[in-house]
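Working notes for the structure below.
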Amino acid sequence: MARICAEGLRIEFPLYHLGARSMKKRLLGAASRRVKADAQNRVVISALSGLSFTIESGERVALVGHNGAGKSTLLRTLAGIYEPVGGRLTVEGEIGSLIDPAAGLDPLSTGRENIRLRALYRGLDAEQTAALEAEAGAFSGLGEFLDVPIHGYSAGMSIRLAFAMATAVQPKILLMDEWFSAGDAEFIAKAEARLEKLVTTSEILVIATHDMNVVKRWCNRVIRLEAGRIVGDVAGDAQ
Amino acid sequence: MSRPEHCVFSDAANPRHTERALADLRDGLSQWRLALALARLDLRNRYRGSVLGPLWMSLSSLIMLVGLGLLYGALFNLKLSSYLPHLAVSLIVWQWIAGFINDSCATLTSAEGVIRQMRLPYTLHALRVAFRNAFVAAHSLALIPIVFLIFGQVPGPEALLAIPGLVLISINMLAGGLLLGMVCARFRDIPPIVANAVQLAFFVSPILWKPELLGNAMVWMAFNPFYALLETVRGPLLEGGGPPLAWLAAIVYTTLHVVLAGFLFARFRSRIAFWV
């Protein structure tokens with residue numbers, strides 16, 4: 001069973017290359033809540049401070065809040081990219097992240113080469129690689145463009161390829177940064193159907209979003225972040 | 001989606017530094033296929049559209065070898081038949097080491113885009129840089145047997161000792177990739193310092209000149225780690241094995257390097273994502 005448990009989770013971004021001392025003083029001077037000095041007297045931005053929550057299997061969580069509230073940082077922490085400076089985090093279950101599907105694409109390689117590269121990133125064997133190549137190649141609908149370097153793609157085409165590769169596996173825990181919508185009308189319909197299947201078959205969904213329609217349609221719990229803290233955690237009535 | 005990871009567990013009160021650094025190393029090495037593919041892409045992209053492509057690397061080594069060989073052979077009054085084989089091995093191994101050191105400063109900063117988006121072992125990035133530079137060096141490697149053939153320099157069976165020498169250098173590169181990658185990500189003034197140090201090392205190491213020219217002062221050479229590492233490859237190929245002192249020094253330096261890199265990596269691995 002997939003499960004996420006955070007206790008007093010704290011993430012701080014150090015500001016290393018600040019330069020002048022006066023800048024440090026000014027930043028720390030104002031009674032700021034986010035910018036502060038840590039134990040070693042370095043200036044840090046407190047991105048997440050003391051988050052505690054548990055997400056059980058079956059929960060579809062929307063992270064809402066203003067820009068800079070810490071939504072994306074929390075997603076990256078759940079994905080294991082940032083390690084907390086304080087508190088504990090346990091994530092049980094295979095994680096699939098749609099935080100940035102285009103990360104790791106090589107612009108000078110063809111679509112097909114990029115699919116194989118992605119298979120290597122995921123550590124797939126030869127058989128799984130062939131399956132991913134066939135599946136993602138067909139879903140992206142790129143046809144002959146699959147053998148063209150992707151720097152020759154239109155913006156929509158490369159998003160289609162990235163989406164097709166990212167959604168070809170079924171994780172237990174799905175992390176998303178904003179609902180996905182790009183491409184032409186036909187592709188949007190296809191992508192919606194695929195996302196719906198992904199979301200409904202994954203055990204846990206955590207999505208950072210500003211779109212209340214997405215929250216209403218997909219989520220059954222809303223965690224509201226403000227300045228790196230949880231200010232609201234309510235069970236929604238979606239689904 | 002990133003690589004499936006079945007369990008993320010971090011506890012700031014019990015960070016398990018060593019255990020997680022070892023896991024990073026193990027995972028990174030087990031993904032050597034990915035590192036190899038990325039290194040090949042790096043080179044392919046670097047020479048995209050170029051007619052000679054990676055052959056430029058062989059060609060520039062050849063030009064350097066002939067130019068420096070003729071000039072310094074005359075300056076030092078050495079016979080080309082003994083000087084050029086020495087220079088060929090020294091220069092090509094040195095170019096490999098120096099290229100790697102300069103490149104490794106960007107091991108982590110150049111992978112920033114991936115580091116911030118995907119959970120991947122950091123060792124993978126070090127491995128990628130090591131592979132990339134090994135490919136570059138392999139393009140000049142052919143010059144060594146050619147020079148040996150021309151001057152009738154036939155190494156004996158002790159040439160096989162060059163293999164442990166190459167292994168020592170490779171271990172240093174993996175450690176160096178992580179160490180320099182981390183230090184340079186955290187302190188952005190380090191890369192130019194490193195570049196200067198490498199340039200200085202070229203002149204104080206016996207590459208252009210033969211260590212014998214130092215006479216009695218040669219015992220001090222053991223304090224130069226570059227000399228020791230160069231000697232583990234050059235000795236077997238040219239001098240029937242190389243001095244035991246150089247081998248001992250090379251092993252000691254490698255051990256120290258690995259311990260230092262391992263310690264810093266274990267201690268600061270979790271901070272890397274915030275540094276790049």
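Residues in the structure tokens are numbered from 1 in each chain, the chains being A, B, ... in the order shown, and ligands are numbered from 1 in the order shown.
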
**Study point:** Neighbour list for Ala246 (chain B) as a PyMOL selection string, cut-off 10 Å, only C-alpha atoms, skip fewer than 6 positions in-chain
**Key:** chain B and resi 219+221-225+227-232+235+252

Cut-off 10 Å: closest chain B/chain A atom pairs per residue, using only C-alpha atoms, as CSV:
```
residue,atom,partner,partner_atom,distance
B:Met1,CA,A:Ser97,CA,4.5
B:Ser2,CA,A:Ser97,CA,5.9
B:Arg3,CA,A:Arg122,CA,4.1
B:Pro4,CA,A:Glu94,CA,5.4
B:Glu5,CA,A:Glu94,CA,5.3
B:His6,CA,A:Glu94,CA,4.4
B:Cys7,CA,A:Glu92,CA,4.8
B:Val8,CA,A:Val91,CA,4.9
B:Phe9,CA,A:Thr90,CA,4.5
B:Ser10,CA,A:Leu89,CA,5.3
B:Asp11,CA,A:Arg88,CA,4.2
B:Ala12,CA,A:Gly86,CA,4.8
B:Ala13,CA,A:Gly87,CA,7.0
B:Asn14,CA,A:Arg88,CA,9.1
B:Pro15,CA,A:Val85,CA,9.3
B:Ser30,CA,A:Gly123,CA,9.1
B:Gln31,CA,A:Gly123,CA,7.0
B:Trp32,CA,A:Leu120,CA,9.5
B:Arg33,CA,A:Leu120,CA,7.1
B:Leu34,CA,A:Leu120,CA,5.3
B:Ala35,CA,A:Leu120,CA,9.0
B:Ala37,CA,A:Leu117,CA,7.5
B:Leu38,CA,A:Leu117,CA,8.2
B:Leu41,CA,A:Ser109,CA,8.2
B:Asp42,CA,A:Asp106,CA,9.5
B:Arg44,CA,A:Leu108,CA,9.1
B:Asn45,CA,A:Leu108,CA,6.8
B:Arg48,CA,A:Leu108,CA,8.8
B:Ala111,CA,A:Gly104,CA,9.3
B:Gly113,CA,A:Ala103,CA,6.8
B:Val114,CA,A:Gly104,CA,5.8
B:Ile115,CA,A:Ile81,CA,7.4
B:Arg116,CA,A:Ile81,CA,6.5
B:Gln117,CA,A:Ala103,CA,6.4
B:Met118,CA,A:Ile81,CA,6.5
B:Arg119,CA,A:Ile81,CA,5.1
B:Leu120,CA,A:Ile81,CA,8.2
B:Arg186,CA,A:Tyr16,CA,8.0
B:Phe187,CA,A:Tyr16,CA,8.8
B:Arg188,CA,A:His17,CA,8.7
B:Arg269,CA,A:Glu83,CA,9.5
B:Ser270,CA,A:Glu83,CA,5.9
B:Arg271,CA,A:Glu83,CA,7.6
B:Ile272,CA,A:Tyr82,CA,8.9
B:Ala273,CA,A:Tyr82,CA,6.3
B:Phe274,CA,A:Phe13,CA,6.4
B:Trp275,CA,A:Pro14,CA,8.2
```

How would you write, as a ChimeraX atom specification, the set of residues in region 23-271 of chain B that DSSP gives as alpha helix (DSSP H)?
-> /B:23-30,32-46,55-75,80-104,112-115,122-141,143-150,162-186,190-204,225-238,244-268

Practice task
Please provide the set of residues having any atom within 8 Å of region 205-207 of chain A, restricted to only C-alpha atoms, with same-chain residues fewer than 3 positions apart removed, written as a PyMOL selection string.
Solution key: chain A and resi 59-63+75+173-179+199+202

All heavy atoms of the current selection, written as a short mmCIF file (atom, residue, chain, number, x, y, z; two decimals), in the first residue's frame:
```
data_model
loop_
_atom_site.label_atom_id
_atom_site.label_comp_id
_atom_site.auth_asym_id
_atom_site.auth_seq_id
_atom_site.Cartn_x
_atom_site.Cartn_y
_atom_site.Cartn_z
N GLU A 59 -6.01 8.61 -1.57
CA GLU A 59 -6.20 10.06 -1.46
C GLU A 59 -5.64 10.77 -2.70
O GLU A 59 -4.59 10.41 -3.23
CB GLU A 59 -5.51 10.59 -0.20
CG GLU A 59 -6.24 10.14 1.06
CD GLU A 59 -5.87 10.98 2.26
OE1 GLU A 59 -4.77 10.77 2.80
OE2 GLU A 59 -6.66 11.86 2.64
N ARG A 60 -6.38 11.74 -3.16
CA ARG A 60 -5.95 12.58 -4.30
C ARG A 60 -5.82 14.00 -3.77
O ARG A 60 -6.82 14.67 -3.56
CB ARG A 60 -6.95 12.51 -5.44
CG ARG A 60 -7.56 11.14 -5.61
CD ARG A 60 -7.62 10.68 -7.04
NE ARG A 60 -7.87 9.25 -7.07
CZ ARG A 60 -6.91 8.35 -7.01
NH1 ARG A 60 -5.64 8.72 -6.96
NH2 ARG A 60 -7.19 7.06 -7.01
N VAL A 61 -4.58 14.41 -3.58
CA VAL A 61 -4.32 15.64 -2.84
C VAL A 61 -3.98 16.78 -3.78
O VAL A 61 -3.13 16.63 -4.66
CB VAL A 61 -3.16 15.43 -1.85
CG1 VAL A 61 -2.90 16.70 -1.07
CG2 VAL A 61 -3.46 14.27 -0.93
N ALA A 62 -4.66 17.90 -3.60
CA ALA A 62 -4.29 19.12 -4.34
C ALA A 62 -3.47 20.00 -3.42
O ALA A 62 -3.86 20.22 -2.28
CB ALA A 62 -5.54 19.85 -4.79
N LEU A 63 -2.32 20.44 -3.90
CA LEU A 63 -1.54 21.43 -3.15
C LEU A 63 -1.88 22.78 -3.75
O LEU A 63 -1.65 23.01 -4.94
CB LEU A 63 -0.04 21.18 -3.30
CG LEU A 63 0.51 19.84 -2.80
CD1 LEU A 63 2.00 19.75 -3.14
CD2 LEU A 63 0.31 19.73 -1.31
N LEU A 75 6.67 19.02 -3.73
CA LEU A 75 6.63 17.93 -4.72
C LEU A 75 8.02 17.34 -4.92
O LEU A 75 8.20 16.13 -4.94
CB LEU A 75 6.11 18.43 -6.06
CG LEU A 75 4.60 18.61 -6.21
CD1 LEU A 75 4.29 19.09 -7.62
CD2 LEU A 75 3.89 17.30 -5.94
N ILE A 173 2.44 6.15 -6.83
CA ILE A 173 2.29 7.52 -6.35
C ILE A 173 2.60 8.45 -7.51
O ILE A 173 3.67 8.38 -8.10
CB ILE A 173 3.26 7.81 -5.19
CG1 ILE A 173 2.95 6.88 -4.01
CG2 ILE A 173 3.17 9.27 -4.77
CD1 ILE A 173 3.95 7.02 -2.88
N LEU A 174 1.64 9.29 -7.86
CA LEU A 174 1.81 10.17 -9.02
C LEU A 174 1.96 11.61 -8.52
O LEU A 174 1.12 12.11 -7.79
CB LEU A 174 0.58 10.03 -9.92
CG LEU A 174 0.58 10.80 -11.24
CD1 LEU A 174 1.75 10.35 -12.12
CD2 LEU A 174 -0.73 10.59 -11.97
N LEU A 175 3.07 12.24 -8.90
CA LEU A 175 3.32 13.63 -8.52
C LEU A 175 3.19 14.50 -9.76
O LEU A 175 3.81 14.21 -10.77
CB LEU A 175 4.72 13.79 -7.93
CG LEU A 175 5.10 12.87 -6.76
CD1 LEU A 175 6.55 13.09 -6.37
CD2 LEU A 175 4.19 13.14 -5.57
N MET A 176 2.39 15.54 -9.68
CA MET A 176 2.21 16.41 -10.85
C MET A 176 2.33 17.88 -10.46
O MET A 176 1.85 18.28 -9.41
CB MET A 176 0.83 16.20 -11.47
CG MET A 176 0.69 14.93 -12.25
SD MET A 176 -1.00 14.75 -12.85
CE MET A 176 -0.99 15.86 -14.23
N ASP A 177 2.97 18.64 -11.34
CA ASP A 177 3.03 20.08 -11.15
C ASP A 177 2.12 20.69 -12.22
O ASP A 177 2.49 20.73 -13.38
CB ASP A 177 4.47 20.58 -11.31
CG ASP A 177 4.69 21.91 -10.61
OD1 ASP A 177 3.69 22.52 -10.21
OD2 ASP A 177 5.85 22.32 -10.47
N GLU A 178 0.96 21.09 -11.84
CA GLU A 178 -0.08 21.59 -12.74
C GLU A 178 -0.63 20.49 -13.64
O GLU A 178 0.09 19.59 -14.06
CB GLU A 178 0.43 22.76 -13.61
CG GLU A 178 0.51 24.08 -12.88
CD GLU A 178 -0.84 24.56 -12.33
OE1 GLU A 178 -1.88 24.02 -12.73
OE2 GLU A 178 -0.83 25.46 -11.48
N TRP A 179 -1.88 20.55 -13.92
CA TRP A 179 -2.52 19.62 -14.83
C TRP A 179 -1.94 19.84 -16.22
O TRP A 179 -1.61 20.95 -16.58
CB TRP A 179 -4.03 19.84 -14.84
CG TRP A 179 -4.77 18.75 -15.53
CD1 TRP A 179 -5.34 18.81 -16.76
CD2 TRP A 179 -5.03 17.44 -15.03
NE1 TRP A 179 -5.92 17.61 -17.05
CE2 TRP A 179 -5.74 16.75 -16.01
CE3 TRP A 179 -4.71 16.79 -13.83
CZ2 TRP A 179 -6.15 15.44 -15.85
CZ3 TRP A 179 -5.12 15.48 -13.68
CH2 TRP A 179 -5.84 14.81 -14.69
N VAL A 199 -4.41 8.65 -13.23
CA VAL A 199 -4.82 9.19 -11.92
C VAL A 199 -5.72 8.19 -11.20
O VAL A 199 -5.56 7.96 -10.01
CB VAL A 199 -5.53 10.54 -12.11
CG1 VAL A 199 -6.22 10.96 -10.84
CG2 VAL A 199 -4.53 11.60 -12.55
N SER A 202 -3.58 5.08 -10.07
CA SER A 202 -2.53 5.27 -9.07
C SER A 202 -3.18 5.30 -7.69
O SER A 202 -4.35 5.63 -7.57
CB SER A 202 -1.76 6.55 -9.33
OG SER A 202 -2.59 7.65 -9.16
#
```

From the list B:Ala142, B:Ala106, B:Val154, B:Ala261, the nearest residue to Ile190 (chain B) using only C-alpha atoms is B:Ala106

With a cut-off of 7 Å, could you pull out the residues of region 225-266 of chain B touching region 162-166 of chain B and give me the nearest pair of atoms for each, distance in Å to one decimal, using only C-alpha atoms, ordered by chain and ascending number, as JSON lines?
```
{"residue": "B:Thr232", "atom": "CA", "partner": "B:Gly165", "partner_atom": "CA", "distance": 4.6}
{"residue": "B:Val233", "atom": "CA", "partner": "B:Ala162", "partner_atom": "CA", "distance": 4.6}
{"residue": "B:Pro236", "atom": "CA", "partner": "B:Ala162", "partner_atom": "CA", "distance": 5.4}
{"residue": "B:Leu237", "atom": "CA", "partner": "B:Ala162", "partner_atom": "CA", "distance": 6.8}
```

Just to be explicit: take each residue in the selection above, keep N, CA and C atoms, and write the result as a compact mmCIF listing (two decimals), in the first residue's frame.
```txt
# COMPACT_ATOMS: atom_id res chain seq x y z
N THR B 232 52.89 5.17 -13.48
CA THR B 232 52.29 3.84 -13.46
C THR B 232 51.88 3.38 -14.85
N VAL B 233 51.78 4.31 -15.80
CA VAL B 233 51.49 3.92 -17.18
C VAL B 233 52.77 3.98 -18.01
N PRO B 236 55.65 0.99 -17.14
CA PRO B 236 55.45 -0.30 -17.81
C PRO B 236 55.68 -0.24 -19.32
N LEU B 237 55.28 0.85 -19.95
CA LEU B 237 55.39 0.89 -21.41
C LEU B 237 56.81 1.20 -21.87
```

At a cut-off of 8 Å, using only C-alpha atoms, what residues contact Val129 (chain B)? Leave out same-chain residues fewer than 3 positions from it and give the result as a ChimeraX atom specification. /B:39,100,103-104,107,125-126,132-133,177

Using C-alpha atoms, can you write the selected residues to a file as a PDB file, in the first residue's frame?
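Contents of selection19.pdb, freshly written:
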```pdb
ATOM      1  CA  ALA B  39      28.971  10.498 -22.525  1.00  0.00           C
ATOM      2  CA  PHE B 100      39.317  15.335 -17.030  1.00  0.00           C
ATOM      3  CA  ASP B 103      35.916  18.998 -17.124  1.00  0.00           C
ATOM      4  CA  SER B 104      35.105  17.560 -13.719  1.00  0.00           C
ATOM      5  CA  THR B 107      30.338  17.513 -13.177  1.00  0.00           C
ATOM      6  CA  HIS B 125      27.245  12.306 -13.264  1.00  0.00           C
ATOM      7  CA  ALA B 126      30.828  11.607 -12.201  1.00  0.00           C
ATOM      8  CA  ARG B 132      33.455  11.216 -21.742  1.00  0.00           C
ATOM      9  CA  ASN B 133      37.108  11.932 -21.081  1.00  0.00           C
ATOM     10  CA  GLY B 177      34.661  13.812 -10.412  1.00  0.00           C
TER      11      GLY B 177
END
```

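The gap separating CA of Gln40 (chain A) from CA of Ala227 (chain A) is 22.5 Å, in Å to one decimal.
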